[in-house]
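With mmCIF, C-alpha atoms inside, this is protein_24.cif:
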data_upload
loop_
_atom_site.label_atom_id
_atom_site.label_comp_id
_atom_site.auth_asym_id
_atom_site.auth_seq_id
_atom_site.Cartn_x
_atom_site.Cartn_y
_atom_site.Cartn_z
CA MET Q 21 65.03 84.30 72.99
CA ARG Q 22 67.85 82.74 75.03
CA PRO Q 23 65.54 80.38 77.01
CA PHE Q 24 63.91 79.37 73.74
CA ALA Q 25 67.27 78.69 72.08
CA ALA Q 26 68.46 76.69 75.07
CA CYS Q 27 65.29 74.64 75.06
CA ALA Q 28 65.58 74.04 71.33
CA THR Q 29 69.19 72.95 71.69
CA ALA Q 30 68.32 70.60 74.55
CA ALA Q 31 65.42 69.21 72.61
CA ALA Q 32 67.67 68.49 69.65
CA LEU Q 33 70.17 66.65 71.87
CA VAL Q 34 67.46 64.60 73.54
CA ALA Q 35 65.86 63.73 70.23
CA ALA Q 36 69.23 62.45 69.04
CA VAL Q 37 69.20 59.77 71.73
CA GLY Q 38 65.50 58.96 71.28
CA ALA Q 39 63.98 60.74 74.27
CA SER Q 40 62.12 63.98 74.95
CA GLY Q 41 62.35 65.85 78.22
CA CYS Q 42 62.06 69.52 77.39
CA GLU Q 43 58.38 69.77 78.31
CA ALA Q 44 56.84 68.47 81.51
CA PRO Q 45 53.79 66.23 81.10
CA PRO Q 46 50.57 68.24 81.19
CA GLN Q 47 48.88 68.46 84.57
CA ARG Q 48 45.30 67.21 84.61
CA GLY Q 49 43.15 69.70 86.49
CA PRO Q 50 39.64 69.28 87.82
CA GLY Q 51 38.11 70.29 84.52
CA ALA Q 52 40.55 68.47 82.24
CA ALA Q 53 39.08 65.93 79.85
CA ALA Q 54 39.93 62.35 80.78
CA ARG Q 55 41.59 60.12 78.23
CA PRO Q 56 38.90 57.96 76.61
CA SER Q 57 38.92 54.42 77.99
CA PRO Q 58 39.00 51.51 75.55
CA SER Q 59 35.61 50.19 74.51
CA PRO Q 60 34.56 46.96 76.27
CA ARG Q 61 34.57 43.80 74.21
CA PRO Q 62 31.10 43.25 72.76
CA THR Q 63 29.10 40.33 74.08
CA PRO Q 64 28.89 37.63 71.41
CA ALA Q 65 25.49 37.51 69.79
CA TRP Q 66 23.42 34.39 70.34
CA ASP Q 67 23.14 32.41 67.10
CA PRO Q 68 19.61 30.97 66.72
CA SER Q 69 20.78 28.77 63.82
CA PRO Q 70 23.78 26.73 65.01
CA ALA Q 71 25.43 24.57 62.36
CA SER Q 72 25.82 21.48 64.57
CA ILE Q 73 24.47 20.09 67.86
CA ALA Q 74 25.89 17.82 70.55
CA ALA Q 75 23.64 16.54 73.35
CA VAL Q 76 24.85 15.53 76.82
CA GLY Q 77 22.95 14.35 79.86
CA ASP Q 78 20.88 11.39 80.98
CA SER Q 79 18.10 8.99 79.97
CA ILE Q 80 15.71 11.77 79.02
CA THR Q 81 18.02 12.77 76.17
CA ARG Q 82 18.58 9.12 75.25
CA GLY Q 83 14.82 8.57 74.83
CA PHE Q 84 14.84 5.73 77.37
CA ASP Q 85 11.55 3.78 77.51
CA ALA Q 86 10.02 6.05 74.87
CA CYS Q 87 9.48 3.32 72.28
CA GLY Q 88 10.34 0.06 74.05
CA ILE Q 89 10.75 -1.52 77.47
CA LEU Q 90 14.05 -0.80 79.24
CA VAL Q 91 15.82 0.35 76.07
CA ASP Q 92 17.24 3.60 74.79
CA CYS Q 93 15.40 5.09 71.85
CA PRO Q 94 17.67 7.90 70.60
CA GLU Q 95 15.71 8.22 67.37
CA VAL Q 96 12.95 9.95 69.35
CA SER Q 97 15.28 12.06 71.50
CA TRP Q 98 14.05 15.64 71.90
CA ALA Q 99 17.59 16.87 71.26
CA THR Q 100 18.95 14.92 68.28
CA GLY Q 101 16.35 12.35 67.20
CA ALA Q 102 15.43 11.76 63.56
CA ASP Q 103 11.79 10.79 64.16
CA ALA Q 104 9.54 13.18 62.22
CA ARG Q 105 6.75 13.03 64.80
CA VAL Q 106 9.00 14.25 67.60
CA ASN Q 107 10.73 16.72 65.29
CA SER Q 108 13.74 17.12 67.56
CA LEU Q 109 15.65 20.32 68.14
CA ALA Q 110 18.41 19.17 65.79
CA ARG Q 111 15.92 18.19 63.10
CA ARG Q 112 14.26 21.60 63.27
CA LEU Q 113 17.52 23.53 63.23
CA LEU Q 114 19.67 21.44 60.89
CA GLY Q 115 17.19 19.58 58.73
CA PRO Q 116 16.79 15.78 58.47
CA SER Q 117 19.59 15.20 55.98
CA ALA Q 118 22.20 16.89 58.19
CA LEU Q 119 21.53 14.85 61.34
CA PRO Q 120 24.02 11.97 60.75
CA ALA Q 121 26.96 14.28 60.11
CA ARG Q 122 26.21 17.26 62.34
CA SER Q 123 24.47 15.97 65.48
CA TRP Q 124 25.79 13.75 68.25
CA ASN Q 125 23.93 12.21 71.20
CA LEU Q 126 26.55 11.71 73.93
CA ALA Q 127 24.14 11.32 76.86
CA ARG Q 128 23.94 8.12 78.92
CA SER Q 129 20.93 6.63 80.66
CA GLY Q 130 21.46 6.70 84.41
CA ALA Q 131 24.04 9.49 84.28
CA ARG Q 132 24.29 11.95 87.15
CA VAL Q 133 25.92 15.36 87.11
CA ALA Q 134 29.30 13.93 88.19
CA GLU Q 135 29.55 12.34 84.74
CA LEU Q 136 28.79 15.57 82.92
CA PRO Q 137 32.41 16.84 82.67
CA SER Q 138 33.53 13.73 80.79
CA GLN Q 139 30.53 13.92 78.47
CA MET Q 140 31.20 17.61 77.89
CA ALA Q 141 34.82 16.88 77.01
CA LYS Q 142 33.59 14.52 74.28
CA ALA Q 143 31.18 17.17 73.06
CA ALA Q 144 33.90 19.82 73.02
CA ALA Q 145 36.01 17.66 70.73
CA LYS Q 146 33.27 17.98 68.10
CA LYS Q 147 33.43 21.82 68.25
CA PRO Q 148 29.62 21.97 67.99
CA GLY Q 149 27.65 25.13 67.38
CA LEU Q 150 25.36 24.19 70.27
CA VAL Q 151 25.51 21.79 73.22
CA THR Q 152 22.27 20.78 74.94
CA VAL Q 153 22.33 19.77 78.61
CA THR Q 154 19.70 17.82 80.53
CA VAL Q 155 20.89 16.52 83.89
CA GLY Q 156 19.80 16.37 87.52
CA ALA Q 157 16.85 13.98 87.68
CA ASN Q 158 19.08 11.04 88.60
CA ASP Q 159 20.80 13.11 91.27
CA ALA Q 160 17.45 13.53 93.03
CA CYS Q 161 16.05 10.09 92.14
CA ARG Q 162 17.92 7.83 94.57
CA ASP Q 163 16.96 4.97 96.84
CA SER Q 164 16.66 7.45 99.72
CA THR Q 165 16.85 11.19 100.18
CA ASP Q 166 20.13 10.79 102.08
CA LEU Q 167 21.75 9.63 98.83
CA MET Q 168 20.74 12.65 96.75
CA THR Q 169 23.68 14.61 95.36
CA PRO Q 170 24.53 17.55 97.66
CA VAL Q 171 23.84 20.92 96.05
CA ALA Q 172 27.47 22.03 96.45
CA ASP Q 173 28.69 18.92 94.63
CA PHE Q 174 26.10 19.46 91.91
CA ARG Q 175 27.40 22.99 91.40
CA ALA Q 176 31.03 21.91 91.31
CA SER Q 177 30.37 19.27 88.66
CA PHE Q 178 28.35 21.59 86.46
CA GLU Q 179 31.00 24.31 86.68
CA GLU Q 180 33.68 21.77 85.79
CA ALA Q 181 31.63 20.61 82.80
CA LEU Q 182 31.47 24.15 81.40
CA ARG Q 183 35.20 24.58 81.95
CA GLU Q 184 35.84 21.38 79.99
CA LEU Q 185 33.84 22.82 77.11
CA ARG Q 186 35.43 26.25 77.17
CA GLU Q 187 38.99 24.92 77.16
CA VAL Q 188 38.45 23.29 73.77
CA ALA Q 189 35.37 24.92 72.26
CA PRO Q 190 35.12 28.51 73.55
CA LYS Q 191 32.63 29.52 70.85
CA SER Q 192 30.11 26.71 71.37
CA GLN Q 193 26.73 27.81 72.69
CA VAL Q 194 25.03 25.91 75.51
CA TYR Q 195 21.33 25.33 76.07
CA VAL Q 196 20.48 24.06 79.58
CA SER Q 197 17.14 22.40 80.27
CA SER Q 198 15.73 22.61 83.78
CA VAL Q 199 15.18 19.45 85.82
CA PRO Q 200 11.54 18.28 85.57
CA ASP Q 201 9.22 18.67 88.55
CA LEU Q 202 9.30 15.17 90.05
CA MET Q 203 6.52 16.06 92.47
CA ARG Q 204 4.16 16.76 89.58
CA LEU Q 205 5.26 13.50 87.96
CA TRP Q 206 4.27 11.63 91.14
CA SER Q 207 0.94 13.45 91.26
CA THR Q 208 0.19 12.61 87.62
CA GLY Q 209 1.45 9.04 87.52
CA ARG Q 210 -0.11 7.83 90.76
CA GLY Q 211 -3.45 7.77 88.97
CA SER Q 212 -2.24 4.76 86.97
CA ALA Q 213 -2.47 1.37 88.68
CA LEU Q 214 0.11 0.01 86.24
CA GLY Q 215 2.41 2.92 86.86
CA LYS Q 216 2.35 2.38 90.63
CA GLN Q 217 3.16 -1.29 90.17
CA VAL Q 218 6.17 -0.42 88.03
CA TRP Q 219 7.32 2.19 90.53
CA LYS Q 220 7.51 -0.53 93.17
CA LEU Q 221 10.48 -1.94 91.24
CA GLY Q 222 12.52 1.03 92.45
CA VAL Q 223 11.84 3.77 89.90
CA CYS Q 224 12.91 7.06 91.51
CA ALA Q 225 12.28 5.63 94.97
CA SER Q 226 13.07 8.87 96.80
CA MET Q 227 9.96 10.42 95.25
CA LEU Q 228 7.77 7.56 93.97
CA ARG Q 229 8.09 4.91 96.70
CA ASP Q 230 4.77 4.13 98.42
CA ALA Q 231 2.93 6.34 95.97
CA ASP Q 232 -0.36 6.26 97.91
CA ASP Q 233 1.21 6.98 101.29
CA LEU Q 234 0.04 10.45 102.34
CA ARG Q 235 1.23 10.36 105.93
CA PRO Q 236 3.43 13.23 107.17
CA ALA Q 237 6.73 11.32 106.82
CA ALA Q 238 6.01 10.44 103.18
CA ARG Q 239 4.90 13.98 102.43
CA GLU Q 240 8.07 15.39 103.95
CA ARG Q 241 10.21 12.93 101.95
CA ARG Q 242 8.63 14.10 98.70
CA GLU Q 243 8.94 17.73 99.74
CA GLU Q 244 12.63 17.20 100.38
CA VAL Q 245 13.10 15.82 96.86
CA TYR Q 246 11.10 18.73 95.46
CA ARG Q 247 13.28 21.27 97.28
CA ARG Q 248 16.45 19.56 96.04
CA VAL Q 249 15.24 19.74 92.43
CA VAL Q 250 14.47 23.44 92.89
CA ALA Q 251 17.98 23.93 94.27
CA TYR Q 252 19.53 22.08 91.31
CA ASN Q 253 17.65 24.32 88.92
CA GLY Q 254 18.94 27.34 90.80
CA VAL Q 255 22.48 26.08 90.25
CA LEU Q 256 21.90 25.49 86.54
CA ARG Q 257 20.46 29.01 86.20
CA ASP Q 258 23.17 30.80 88.17
CA VAL Q 259 26.18 29.00 86.71
CA CYS Q 260 24.83 29.32 83.19
CA ALA Q 261 24.29 33.06 83.69
CA LYS Q 262 28.03 33.53 84.22
CA ASP Q 263 28.81 32.13 80.75
CA ARG Q 264 28.17 34.58 77.91
CA LEU Q 265 27.18 31.77 75.53
CA CYS Q 266 24.98 29.75 77.88
CA ARG Q 267 21.17 29.94 77.87
CA TYR Q 268 19.00 28.40 80.62
CA ASP Q 269 15.40 27.55 79.75
CA GLY Q 270 14.06 29.80 82.51
CA GLY Q 271 12.51 26.82 84.30
CA ALA Q 272 10.25 25.97 81.34
CA VAL Q 273 10.64 22.18 81.60
CA PHE Q 274 10.20 22.28 85.38
CA ALA Q 275 7.01 24.31 84.98
CA TYR Q 276 5.52 22.28 82.13
CA ARG Q 277 2.37 20.43 83.21
CA PHE Q 278 3.00 16.97 81.79
CA THR Q 279 -0.02 14.68 81.49
CA GLY Q 280 -0.21 10.90 81.28
CA GLU Q 281 0.12 11.16 77.50
CA GLN Q 282 3.60 12.60 77.90
CA LEU Q 283 4.80 9.75 80.16
CA SER Q 284 6.17 6.41 79.02
CA PRO Q 285 3.47 3.69 79.08
CA TRP Q 286 6.12 1.28 80.35
CA ASP Q 287 7.38 3.11 83.42
CA TRP Q 288 5.20 6.22 83.87
CA PHE Q 289 8.36 8.18 84.59
CA HIS Q 290 10.36 8.90 81.44
CA PRO Q 291 8.91 11.01 78.62
CA SER Q 292 6.95 9.16 75.95
CA GLY Q 293 7.31 10.07 72.30
CA ASP Q 294 4.71 12.75 72.89
CA GLY Q 295 6.66 14.00 75.90
CA GLN Q 296 9.85 14.11 73.84
CA GLU Q 297 8.02 16.23 71.28
CA ARG Q 298 7.00 18.69 74.00
CA LEU Q 299 10.61 18.94 75.17
CA ALA Q 300 11.73 19.61 71.60
CA GLU Q 301 9.16 22.40 71.27
CA ILE Q 302 10.32 24.04 74.49
CA ALA Q 303 13.97 23.84 73.45
CA TYR Q 304 13.35 25.18 69.95
CA ARG Q 305 11.35 28.10 71.29
CA ASN Q 306 14.11 29.05 73.73
CA VAL Q 307 17.06 28.49 71.40
CA THR Q 308 15.55 30.59 68.61
CA ALA Q 309 14.23 33.39 70.83
CA ARG Q 310 15.78 36.83 70.38
CA VAL Q 311 15.77 37.39 74.13
CA PRO Q 312 16.74 34.61 76.56
CA PRO Q 313 14.02 33.37 78.93
CA ALA Q 314 13.88 35.12 82.28
#

Please lay out the structure from this file as structure tokens.
Amino acid sequence: MRPFAACATAAALVAAVGASGCEAPPQRGPGAAARPSPSPRPTPAWDPSPASIAAVGDSITRGFDACGILVDCPEVSWATGADARVNSLARRLLGPSALPARSWNLARSGARVAELPSQMAKAAAKKPGLVTVTVGANDACRDSTDLMTPVADFRASFEEALRELREVAPKSQVYVSSVPDLMRLWSTGRGSALGKQVWKLGVCASMLRDADDLRPAARERREEVYRRVVAYNGVLRDVCAKDRLCRYDGGAVFAYRFTGEQLSPWDWFHPSGDGQERLAEIAYRNVTARVPPA
């Protein structure tokens, strides 16, 4: 009884000053149950019905040469256009009446990936439910292959763009379209005499210059552009995969077999209205899918 009384007395004294030292902490043996660890934070669920859409990128998203010569045609943009025939991603998700107030086309014709962070900052300010990204074609389409954007620089700019978004709009989802296969575009468009004449003006010279030249040097030049586009798509895929609210199209645009009907009749390079419709279909299918594309 004496040890018990002494312990009780000590415990009372310790309790009076707000501490407890009568019992040693339990020793955890080999068979002792471990303290349950806190549950990990759940991954945010992808929302297939975002309430607003901002589009960033280049001339493809601006609808360049889709309904006129050397002009933007945002009304037929695959991302935010109001044209019923194209039935853009925004039109399908938001409805026609909501487009003026809840969709924004912030892309610029001629933009390369280095411009994407500034565009993304503008998009972030809107706090959109979804941001669409189409970029990379202009980084590969240069006057020569030596001028193509290095892959490391492409990665750095894309990573910076996502950081710009997350600093202001951490809950915005991102849909990233793959860069189109410029080699297939060359193969399809070179069947048009008009298209080849237009290409001589300098349209994507790294790929389309001397369209009928099949000598080894020309083949290697086109292969180099092709490999760079594949590398850009790898960057878009890998960087996007690190963001819990980013969804890459799985290479769907790159793999799509565009025909002459999907190319602009004025430059045989940019998507026509029909091509914009195909891009909208691909985007809608991927954005609304329960499981992201592989």

Of the residues Q:Cys93, Q:Ala181, Q:Val199, Q:Val255, which is the one nearest to Leu299 in chain Q, using all atoms listed in the file?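 Counting all atoms listed in the file, the residue closest to Leu299 in chain Q is Q:Val199.
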
If we count only C-alpha atoms and set the cut-off at 10 Å, which residues sit around Pro200 in chain Q, ignoring sequence neighbours fewer than 2 positions away in its own chain? Please answer as a PyMOL selection string. chain Q and resi 154-157+197-198+202-205+246+249-250+253+271-278

Go ahead and write the selection's residues with C-alpha atoms as a PDB file, in the coordinates of the input.
ATOM      1  CA  THR Q 154      19.700  17.820  80.530  1.00  0.00           C
ATOM      2  CA  VAL Q 155      20.890  16.520  83.890  1.00  0.00           C
ATOM      3  CA  GLY Q 156      19.800  16.370  87.520  1.00  0.00           C
ATOM      4  CA  ALA Q 157      16.850  13.980  87.680  1.00  0.00           C
ATOM      5  CA  SER Q 197      17.140  22.400  80.270  1.00  0.00           C
ATOM      6  CA  SER Q 198      15.730  22.610  83.780  1.00  0.00           C
ATOM      7  CA  LEU Q 202       9.300  15.170  90.050  1.00  0.00           C
ATOM      8  CA  MET Q 203       6.520  16.060  92.470  1.00  0.00           C
ATOM      9  CA  ARG Q 204       4.160  16.760  89.580  1.00  0.00           C
ATOM     10  CA  LEU Q 205       5.260  13.500  87.960  1.00  0.00           C
ATOM     11  CA  TYR Q 246      11.100  18.730  95.460  1.00  0.00           C
ATOM     12  CA  VAL Q 249      15.240  19.740  92.430  1.00  0.00           C
ATOM     13  CA  VAL Q 250      14.470  23.440  92.890  1.00  0.00           C
ATOM     14  CA  ASN Q 253      17.650  24.320  88.920  1.00  0.00           C
ATOM     15  CA  GLY Q 271      12.510  26.820  84.300  1.00  0.00           C
ATOM     16  CA  ALA Q 272      10.250  25.970  81.340  1.00  0.00           C
ATOM     17  CA  VAL Q 273      10.640  22.180  81.600  1.00  0.00           C
ATOM     18  CA  PHE Q 274      10.200  22.280  85.380  1.00  0.00           C
ATOM     19  CA  ALA Q 275       7.010  24.310  84.980  1.00  0.00           C
ATOM     20  CA  TYR Q 276       5.520  22.280  82.130  1.00  0.00           C
ATOM     21  CA  ARG Q 277       2.370  20.430  83.210  1.00  0.00           C
ATOM     22  CA  PHE Q 278       3.000  16.970  81.790  1.00  0.00           C
TER      23      PHE Q 278
END

Distance of CA of Val245 in chain Q from CA of Ala176 in chain Q, expressed in Å to one decimal place: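 So the two atoms, CA of Ala176 in chain Q and CA of Val245 in chain Q, lie 19.7 Å apart.
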
Check what the PyMOL selection byres ((chain Q and resi 183) around 12) selects in the file above and give those residues as a list in words.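 Residues picked by the PyMOL selection byres ((chain Q and resi 183) around 12): Leu136, Pro137, Ser138, Met140, Ala141, Ala144, Ala176, Ser177, Phe178, Glu179, Glu180, Ala181, Leu182, Glu184, Leu185, Arg186, Glu187, Val188, Ala189, Pro190, Ser192, Val259, Cys260, Lys262 and Asp263 of chain Q.
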
I'd like the interatomic distance between CA of Ser69 in chain Q and CA of Ala121 in chain Q, to a tenth of an Å.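 Those two atoms sit 16.2 Å apart.
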
Which residues, named as in the file, does the PyMOL selection byres ((chain Q and resi 211-219) around 9) pick out? Answer as JSON, numbers by chain. {"Q": [206, 207, 208, 209, 210, 220, 221, 222, 223, 224, 225, 228, 229, 230, 231, 232, 280, 285, 286, 287, 288, 289]}

Excluding range 300-307 of chain Q and residues on its chain fewer than 6 positions from it, collect all residues at most 9 Å away from it, counting all atoms listed in the file, and give them as a PyMOL selection string. chain Q and resi 66-69+97-99+106-110+112-113+152+195-197+267-270+272-273+313

Where does the PyMOL selection byres ((chain Q and resi 164) around 9) land in this file, that is, which residues does it pick, as number ranges by chain? Q: 161-163, 165-168, 225-227, 241

At a cut-off of 6 Å around the point (25.4, 35.4, 75.1) (file coordinates), what residues fall inside when counting only C-alpha atoms? I'd like the answer as a list in words.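 Residues with an atom close enough to that point: Pro64, Ala65, Trp66, Arg264 and Leu265 of chain Q.
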
Can you tell me, as a PDB file with C-alpha atoms, keeping the file's coordinate frame, what residues are no more than 8 Å from Ser123 in chain Q when counting only C-alpha atoms, ignoring any on the same chain fewer than 2 positions away?
ATOM      1  CA  SER Q  72      25.820  21.480  64.570  1.00  0.00           C
ATOM      2  CA  ILE Q  73      24.470  20.090  67.860  1.00  0.00           C
ATOM      3  CA  ALA Q  74      25.890  17.820  70.550  1.00  0.00           C
ATOM      4  CA  ALA Q  75      23.640  16.540  73.350  1.00  0.00           C
ATOM      5  CA  THR Q 100      18.950  14.920  68.280  1.00  0.00           C
ATOM      6  CA  ALA Q 110      18.410  19.170  65.790  1.00  0.00           C
ATOM      7  CA  ALA Q 118      22.200  16.890  58.190  1.00  0.00           C
ATOM      8  CA  LEU Q 119      21.530  14.850  61.340  1.00  0.00           C
ATOM      9  CA  PRO Q 120      24.020  11.970  60.750  1.00  0.00           C
ATOM     10  CA  ALA Q 121      26.960  14.280  60.110  1.00  0.00           C
ATOM     11  CA  ASN Q 125      23.930  12.210  71.200  1.00  0.00           C
TER      12      ASN Q 125
END

For CA of Asp103 in chain Q and CA of Pro116 in chain Q, quote the distance in Å rounded to one decimal.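 Between CA of Asp103 in chain Q and CA of Pro116 in chain Q the gap is 9.1 Å.
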
Proximity to Ala86 in chain Q - best of Q:Ser292, Q:Thr279, Q:Ser117, Q:Asn158, all atoms listed in the file: Q:Ser292

Residue nearest Pro148 in chain Q among Q:Thr169, Q:Thr308, Q:Gln193, Q:Ser129 (counting all atoms listed in the file):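 Looking at the shortest contact to Pro148 in chain Q, the residue is Q:Gln193.
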
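Distance check against Val76 in chain Q using only C-alpha atoms: of Q:Val194, Q:Arg247, Q:Asp201, Q:Cys266, the minimum falls on Q:Val194.
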
Pick from Q:Arg257, Q:Lys191, Q:Arg239, Q:Lys142 nearest to Ala127 in chain Q, counting all atoms listed in the file: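 Of Q:Arg257, Q:Lys191, Q:Arg239, Q:Lys142, the one nearest Ala127 in chain Q, counting all atoms listed in the file, is Q:Lys142.
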
I want to know what sits within 7 Å of Gly293 in chain Q, based on all atoms listed in the file, with residues of the same chain fewer than 2 positions away left out; could you give that as a CSV table (one decimal) with C-alpha atoms, in the frame of the given file?
chain,number,residue,atom,x,y,z
Q,86,ALA,CA,10.0,6.0,74.9
Q,96,VAL,CA,13.0,10.0,69.4
Q,106,VAL,CA,9.0,14.2,67.6
Q,291,PRO,CA,8.9,11.0,78.6
Q,295,GLY,CA,6.7,14.0,75.9
Q,296,GLN,CA,9.8,14.1,73.8
Q,297,GLU,CA,8.0,16.2,71.3
